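Student: Handing you a structure now.
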Amino acid sequence: MTSLIRPSPELADVSASAPHYGARVVIASEYLEEQETLHGWLLAYYIGLGVAAAVLTINTLLWLLRGQMLWITIVSIVANVAAWIWFIGVIRRQIEKVRTFRAGRKGEEHVVEQLDDLSQSSVT
């Protein structure tokens, strides 16, 4: 009678390639670190956009104080308020993503260290 569940070829090759004695610790992938870095750079990019938006906001306020192009100034103020509301939301989400990936990576490293310590203590 043949088994309906067969191991994947990748697993069969790994298990057949070398004998395994005792616990084995698999080092985590670099995914969380890469995501933390990516979202950190995105956060820096959005902060740069914020600086540019701040300059445009100051320019708009100067137009308002000088009384120049009043209708364009009013449209610009409305656009600036909408942009700042969106921008603050994006920055908050990016900060949360960076914190989440950092916490996940640190937790992953902690688990790997505990498994490594456990495997070392069971061998001795």
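Within each chain, counting starts at residue 1; across the structure tokens, chains are named A, B, ... in the order shown, with ligands numbered 1 upward in that order.
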Find the spatial neighbours of A:Ala103, counting only C-alpha atoms, within a cut-off of 12 Å - ignore same-chain residues fewer than 5 positions away - and output them as a ChimeraX atom specification.

Tutor: /A:32-33,35-36,96-98,108-110

Student: Could you turn the residues from that selection into a file that holds C-alpha atoms, as a short mmCIF file (atom, residue, chain, number, x, y, z; two decimals), in the first residue's frame?

Tutor:
data_model
loop_
_atom_site.label_atom_id
_atom_site.label_comp_id
_atom_site.auth_asym_id
_atom_site.auth_seq_id
_atom_site.Cartn_x
_atom_site.Cartn_y
_atom_site.Cartn_z
CA LEU A 32 12.53 41.00 8.86
CA GLU A 33 15.81 42.89 8.76
CA GLN A 35 11.76 44.93 5.74
CA GLU A 36 12.90 47.03 8.69
CA GLU A 96 4.59 51.54 13.35
CA LYS A 97 5.84 49.26 10.56
CA VAL A 98 9.48 49.91 11.45
CA GLU A 108 13.18 35.94 16.32
CA GLU A 109 16.82 36.38 17.39
CA HIS A 110 15.87 35.72 21.02
#

Student: Compile the contact shell of A:Thr60 as number ranges by chain: residues with an atom at most 8 Å away, counting only C-alpha atoms, same-chain residues fewer than 3 positions apart removed.

Tutor: A: 56-57, 63-64, 73, 76-77

Student: Mind pulling up the distance from atom CA of A:Arg93 to atom CA of A:Val78?

Tutor: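 Those two atoms sit 23.3 Å apart.
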
Student: In terms of the shortest atom-to-atom distance over only C-alpha atoms, which of A:Val81, A:Ile88, A:Ile95, A:Leu70 is closest to A:Leu38?

Tutor: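 Looking at the shortest contact to A:Leu38, the residue is A:Ile95.
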
Student: Would you please work out which residue, of A:Thr100, A:Ser121, A:Gln68, A:Asn80, is nearest to A:Val55 when using only C-alpha atoms?

Tutor: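 Ranking A:Thr100, A:Ser121, A:Gln68, A:Asn80 by distance to A:Val55, first place goes to A:Asn80.
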
Student: What does the structure give for the distance between atom CA of A:Leu49 and atom CA of A:Leu61, in Å to one decimal?

Tutor: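 According to the coordinates, atom CA of A:Leu49 and atom CA of A:Leu61 are separated by 18.3 Å.
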
Student: If DSSP is run on the backbone, what residues of stretch 23-72 of chain A are alpha helix (DSSP H)? A reply as a PyMOL selection string would be ideal.

Tutor: chain A and resi 31-66+70-72

Student: Could you jot down the atom CA of A:Gly107 to atom CA of A:Tyr31 separation for me, Å, one decimal place?

Tutor: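 Atom-to-atom, atom CA of A:Gly107 and atom CA of A:Tyr31 are spaced 13.5 Å apart.
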